[in-house]
file model.txt (compact mmCIF, N, CA, C and O atoms)
# COMPACT_ATOMS: atom_id res chain seq x y z
N MET D 18 13.12 -18.27 -25.51
CA MET D 18 11.78 -17.97 -25.04
C MET D 18 11.27 -16.75 -25.81
O MET D 18 11.95 -15.75 -25.95
N ASP D 19 10.09 -16.88 -26.30
CA ASP D 19 9.46 -15.80 -27.07
C ASP D 19 9.10 -14.64 -26.16
O ASP D 19 8.77 -14.82 -24.99
N ALA D 20 9.17 -13.43 -26.68
CA ALA D 20 8.89 -12.23 -25.88
C ALA D 20 7.44 -12.21 -25.38
O ALA D 20 7.17 -11.74 -24.28
N MET D 21 6.52 -12.72 -26.19
CA MET D 21 5.11 -12.74 -25.78
C MET D 21 4.88 -13.68 -24.59
O MET D 21 4.04 -13.42 -23.75
N GLN D 22 5.64 -14.76 -24.53
CA GLN D 22 5.49 -15.69 -23.41
C GLN D 22 5.91 -15.04 -22.10
O GLN D 22 5.46 -15.44 -21.04
N LEU D 23 6.76 -14.08 -22.14
CA LEU D 23 7.20 -13.36 -20.95
C LEU D 23 6.31 -12.15 -20.68
O LEU D 23 5.99 -11.84 -19.53
N ALA D 24 5.88 -11.48 -21.73
CA ALA D 24 5.12 -10.23 -21.58
C ALA D 24 3.71 -10.45 -21.05
O ALA D 24 3.22 -9.66 -20.23
N VAL D 25 3.04 -11.49 -21.48
CA VAL D 25 1.65 -11.72 -21.07
C VAL D 25 1.52 -11.94 -19.57
O VAL D 25 0.70 -11.28 -18.92
N PRO D 26 2.30 -12.81 -18.94
CA PRO D 26 2.18 -12.96 -17.48
C PRO D 26 2.56 -11.69 -16.72
O PRO D 26 1.93 -11.34 -15.73
N VAL D 27 3.57 -10.98 -17.19
CA VAL D 27 3.99 -9.75 -16.52
C VAL D 27 2.88 -8.72 -16.61
O VAL D 27 2.54 -8.04 -15.62
N LEU D 28 2.27 -8.55 -17.77
CA LEU D 28 1.17 -7.60 -17.93
C LEU D 28 -0.04 -8.02 -17.09
O LEU D 28 -0.74 -7.17 -16.55
N GLY D 29 -0.27 -9.31 -16.99
CA GLY D 29 -1.37 -9.80 -16.14
C GLY D 29 -1.14 -9.45 -14.68
O GLY D 29 -2.06 -9.00 -13.98
N ILE D 30 0.08 -9.62 -14.21
CA ILE D 30 0.41 -9.29 -12.81
C ILE D 30 0.26 -7.79 -12.57
O ILE D 30 -0.28 -7.36 -11.55
N VAL D 31 0.72 -6.99 -13.52
CA VAL D 31 0.60 -5.54 -13.39
C VAL D 31 -0.87 -5.13 -13.38
O VAL D 31 -1.28 -4.28 -12.58
N ALA D 32 -1.68 -5.73 -14.21
CA ALA D 32 -3.11 -5.41 -14.26
C ALA D 32 -3.79 -5.78 -12.94
O ALA D 32 -4.60 -5.00 -12.41
N VAL D 33 -3.50 -6.94 -12.39
CA VAL D 33 -4.09 -7.34 -11.12
C VAL D 33 -3.64 -6.42 -10.00
O VAL D 33 -4.44 -6.04 -9.12
N ALA D 34 -2.38 -6.01 -10.01
CA ALA D 34 -1.89 -5.08 -8.99
C ALA D 34 -2.61 -3.74 -9.08
O ALA D 34 -2.97 -3.15 -8.06
N ALA D 35 -2.86 -3.26 -10.29
CA ALA D 35 -3.56 -1.98 -10.46
C ALA D 35 -4.99 -2.08 -9.97
O ALA D 35 -5.49 -1.19 -9.28
N VAL D 36 -5.68 -3.15 -10.31
CA VAL D 36 -7.07 -3.34 -9.86
C VAL D 36 -7.11 -3.43 -8.34
O VAL D 36 -7.98 -2.82 -7.70
N THR D 37 -6.19 -4.14 -7.73
CA THR D 37 -6.14 -4.25 -6.28
C THR D 37 -5.89 -2.89 -5.63
O THR D 37 -6.54 -2.53 -4.65
N PHE D 38 -4.97 -2.12 -6.19
CA PHE D 38 -4.67 -0.79 -5.66
C PHE D 38 -5.91 0.09 -5.69
O PHE D 38 -6.24 0.75 -4.70
N TYR D 39 -6.62 0.12 -6.80
CA TYR D 39 -7.81 0.95 -6.91
C TYR D 39 -8.92 0.47 -5.99
O TYR D 39 -9.62 1.26 -5.38
N ALA D 40 -9.08 -0.84 -5.86
CA ALA D 40 -10.12 -1.37 -4.97
C ALA D 40 -9.84 -0.97 -3.52
O ALA D 40 -10.75 -0.54 -2.79
N VAL D 41 -8.60 -1.09 -3.09
CA VAL D 41 -8.24 -0.71 -1.72
C VAL D 41 -8.39 0.80 -1.53
O VAL D 41 -8.91 1.26 -0.51
N SER D 42 -7.99 1.58 -2.51
CA SER D 42 -8.11 3.03 -2.41
C SER D 42 -9.56 3.45 -2.28
O SER D 42 -9.91 4.29 -1.44
N PHE D 43 -10.45 2.89 -3.10
CA PHE D 43 -11.87 3.24 -3.03
C PHE D 43 -12.48 2.78 -1.71
O PHE D 43 -13.32 3.47 -1.14
N ALA D 44 -12.05 1.64 -1.19
CA ALA D 44 -12.56 1.18 0.10
C ALA D 44 -12.15 2.13 1.21
O ALA D 44 -12.94 2.44 2.11
N GLU D 45 -10.92 2.62 1.17
CA GLU D 45 -10.46 3.58 2.19
C GLU D 45 -11.19 4.91 2.07
O GLU D 45 -11.54 5.52 3.08
N ILE D 46 -11.44 5.36 0.85
CA ILE D 46 -12.19 6.60 0.66
C ILE D 46 -13.60 6.45 1.21
O ILE D 46 -14.12 7.34 1.88
N ARG D 47 -14.25 5.32 0.94
CA ARG D 47 -15.60 5.08 1.43
C ARG D 47 -15.61 5.04 2.96
O ARG D 47 -16.47 5.63 3.61
N GLU D 48 -14.63 4.36 3.55
CA GLU D 48 -14.55 4.27 5.01
C GLU D 48 -14.35 5.65 5.63
O GLU D 48 -14.97 6.00 6.63
N LYS D 49 -13.49 6.46 5.02
CA LYS D 49 -13.26 7.81 5.52
C LYS D 49 -14.53 8.65 5.40
O LYS D 49 -14.86 9.42 6.30
N SER D 50 -15.25 8.50 4.30
CA SER D 50 -16.49 9.26 4.12
C SER D 50 -17.51 8.87 5.18
O SER D 50 -18.21 9.73 5.73
N LEU D 51 -17.62 7.58 5.47
CA LEU D 51 -18.56 7.13 6.51
C LEU D 51 -18.15 7.64 7.87
O LEU D 51 -18.99 8.05 8.67
N GLN D 52 -16.85 7.64 8.15
CA GLN D 52 -16.37 8.14 9.44
C GLN D 52 -16.66 9.64 9.56
O GLN D 52 -17.07 10.11 10.62
N ASP D 53 -16.46 10.38 8.47
CA ASP D 53 -16.79 11.81 8.48
C ASP D 53 -18.28 12.01 8.72
O ASP D 53 -18.67 12.94 9.43
N LEU D 54 -19.11 11.15 8.14
CA LEU D 54 -20.55 11.25 8.35
C LEU D 54 -20.89 11.00 9.82
O LEU D 54 -21.68 11.75 10.42
N PHE D 55 -20.31 9.98 10.42
CA PHE D 55 -20.56 9.71 11.84
C PHE D 55 -20.08 10.87 12.71
O PHE D 55 -20.74 11.25 13.66
N ASP D 56 -18.91 11.42 12.38
CA ASP D 56 -18.39 12.55 13.14
C ASP D 56 -19.31 13.76 13.04
O ASP D 56 -19.55 14.45 14.03
N SER D 57 -19.84 14.03 11.86
CA SER D 57 -20.72 15.18 11.70
C SER D 57 -22.03 14.96 12.46
O SER D 57 -22.59 15.90 13.02
N GLU D 58 -22.52 13.72 12.49
CA GLU D 58 -23.74 13.43 13.25
C GLU D 58 -23.49 13.60 14.74
O GLU D 58 -24.36 14.09 15.46
N GLU D 59 -22.31 13.22 15.22
CA GLU D 59 -21.99 13.40 16.62
C GLU D 59 -21.96 14.88 16.98
O GLU D 59 -22.42 15.28 18.04
N ASP D 60 -21.41 15.69 16.09
CA ASP D 60 -21.35 17.13 16.34
C ASP D 60 -22.76 17.72 16.41
O ASP D 60 -23.04 18.58 17.25
N GLU D 61 -23.64 17.26 15.54
CA GLU D 61 -25.01 17.79 15.51
C GLU D 61 -25.81 17.33 16.72
O GLU D 61 -26.63 18.07 17.25
N ASN D 62 -25.58 16.10 17.18
CA ASN D 62 -26.39 15.52 18.25
C ASN D 62 -25.74 15.65 19.62
O ASN D 62 -26.26 15.10 20.59
N GLY D 63 -24.62 16.31 19.71
CA GLY D 63 -23.97 16.47 21.01
C GLY D 63 -23.44 15.15 21.55
O GLY D 63 -23.62 14.82 22.71
N GLY D 64 -22.78 14.39 20.77
CA GLY D 64 -22.23 13.11 21.21
C GLY D 64 -22.69 12.02 20.27
O GLY D 64 -21.91 11.39 19.61
N GLY D 65 -23.97 11.82 20.20
CA GLY D 65 -24.56 10.93 19.21
C GLY D 65 -24.24 9.47 19.37
O GLY D 65 -23.79 9.00 20.41
N TYR D 66 -24.49 8.76 18.32
CA TYR D 66 -24.36 7.31 18.27
C TYR D 66 -22.93 6.91 17.95
O TYR D 66 -22.31 7.44 17.04
N LYS D 67 -22.38 5.97 18.74
CA LYS D 67 -21.08 5.39 18.44
C LYS D 67 -21.31 4.02 17.84
O LYS D 67 -21.97 3.19 18.45
N PRO D 68 -20.78 3.74 16.67
CA PRO D 68 -21.06 2.48 16.01
C PRO D 68 -20.39 1.27 16.68
O PRO D 68 -20.76 0.15 16.40
N TYR D 69 -19.46 1.51 17.58
CA TYR D 69 -18.77 0.41 18.25
C TYR D 69 -18.27 0.88 19.60
O TYR D 69 -18.18 2.06 19.88
N GLU D 70 -17.93 -0.08 20.43
CA GLU D 70 -17.36 0.22 21.73
C GLU D 70 -16.00 -0.45 21.79
O GLU D 70 -15.87 -1.63 21.48
N SER D 71 -14.99 0.27 22.20
CA SER D 71 -13.65 -0.30 22.24
C SER D 71 -13.57 -1.33 23.36
O SER D 71 -14.35 -1.32 24.31
N SER D 72 -12.60 -2.22 23.26
CA SER D 72 -12.43 -3.24 24.29
C SER D 72 -12.10 -2.61 25.63
O SER D 72 -12.52 -3.09 26.68
N ARG D 73 -11.36 -1.51 25.61
CA ARG D 73 -11.04 -0.80 26.86
C ARG D 73 -12.31 -0.27 27.52
O ARG D 73 -12.50 -0.38 28.73
N GLU D 74 -13.22 0.29 26.71
CA GLU D 74 -14.48 0.80 27.26
C GLU D 74 -15.34 -0.34 27.80
O GLU D 74 -15.99 -0.20 28.83
N ARG D 75 -15.35 -1.48 27.09
CA ARG D 75 -16.13 -2.63 27.57
C ARG D 75 -15.60 -3.13 28.90
O ARG D 75 -16.36 -3.44 29.82
N ARG D 76 -14.26 -3.25 29.01
CA ARG D 76 -13.67 -3.71 30.27
C ARG D 76 -13.98 -2.75 31.41
O ARG D 76 -14.32 -3.18 32.51
N ALA D 77 -13.88 -1.46 31.15
CA ALA D 77 -14.16 -0.46 32.18
C ALA D 77 -15.63 -0.53 32.61
O ALA D 77 -15.94 -0.45 33.81
N ARG D 78 -16.52 -0.70 31.64
CA ARG D 78 -17.95 -0.79 31.97
C ARG D 78 -18.23 -2.04 32.79
O ARG D 78 -18.94 -1.99 33.80
N ARG D 79 -17.66 -3.18 32.39
CA ARG D 79 -17.89 -4.42 33.15
C ARG D 79 -17.32 -4.32 34.55
O ARG D 79 -17.94 -4.79 35.51
N LYS D 80 -16.16 -3.71 34.68
CA LYS D 80 -15.55 -3.57 36.00
C LYS D 80 -16.42 -2.68 36.88
O LYS D 80 -16.63 -3.00 38.06
N ALA D 81 -16.93 -1.60 36.33
CA ALA D 81 -17.80 -0.71 37.11
C ALA D 81 -19.09 -1.41 37.51
O ALA D 81 -19.57 -1.27 38.65
N GLU D 82 -19.67 -2.19 36.60
CA GLU D 82 -20.89 -2.94 36.93
C GLU D 82 -20.62 -3.97 38.04
O GLU D 82 -21.42 -4.13 38.94
N LYS D 83 -19.48 -4.65 37.92
CA LYS D 83 -19.13 -5.65 38.91
C LYS D 83 -18.92 -5.02 40.28
O LYS D 83 -19.37 -5.54 41.30
N GLN D 84 -18.23 -3.87 40.32
CA GLN D 84 -17.98 -3.20 41.58
C GLN D 84 -19.26 -2.63 42.18
O GLN D 84 -19.42 -2.60 43.40
N SER D 85 -20.21 -2.24 41.36
CA SER D 85 -21.46 -1.69 41.88
C SER D 85 -22.34 -2.81 42.47
O SER D 85 -23.17 -2.55 43.34
N LYS D 86 -22.17 -4.04 42.02
CA LYS D 86 -22.97 -5.16 42.53
C LYS D 86 -22.41 -5.70 43.84
O LYS D 86 -23.14 -6.26 44.63
N GLU D 87 -21.10 -5.55 44.05
CA GLU D 87 -20.49 -6.07 45.27
C GLU D 87 -20.88 -5.19 46.45
O GLU D 87 -20.98 -3.97 46.32
N PRO D 88 -21.09 -5.79 47.66
CA PRO D 88 -21.48 -5.02 48.83
C PRO D 88 -20.38 -4.14 49.38
O PRO D 88 -19.27 -4.21 49.20

call {"tool": "encode", "arguments": {"input": "model.txt", "output": "structure tokens"}}
result
Amino acid sequence: MDAMQLAVPVLGIVAVAAVTFYAVSFAEIREKSLQDLFDSEEDENGGGYKPYESSRERRARRKAEKQSKEP
């Protein structure tokens, strides 16, 4: 087997792994930056906007609403 026949696929795999690593790293940096932005807005607004509600908070809210409707 020729050395080039082995080297080209290996280099291709290494290149794809490097691109994937950088893409994931940049996505995490962007996510962290957005989270820092939301946190700073909360500090400025005294609580501020929450972009999501956890399932635990949703269940607690529904349970409270249900209990308030019952006689």

call {"tool": "atom_distance", "arguments": {"input": "model.txt", "atom1": "CA of Val36 in chain D", "atom2": "CA of Asp53 in chain D"}}
result
25.7 Å

call {"tool": "atom_distance", "arguments": {"input": "model.txt", "atom1": "CA of Glu87 in chain D", "atom2": "atom N of Glu74 in chain D"}}
result
20.9 Å

call {"tool": "atom_distance", "arguments": {"input": "model.txt", "atom1": "CA of Thr37 in chain D", "atom2": "atom C of Met21 in chain D"}}
result
23.4 Å

call {"tool": "axis_aligned_box", "arguments": {"input": "model.txt", "around": "range 71-80 of chain D", "padding_each_side": "5 Å", "output": "JSON"}}
result
{"center_x": -15.0, "center_y": -2.0, "center_z": 30.1, "size_x": 17.9, "size_y": 15.6, "size_z": 25.9}
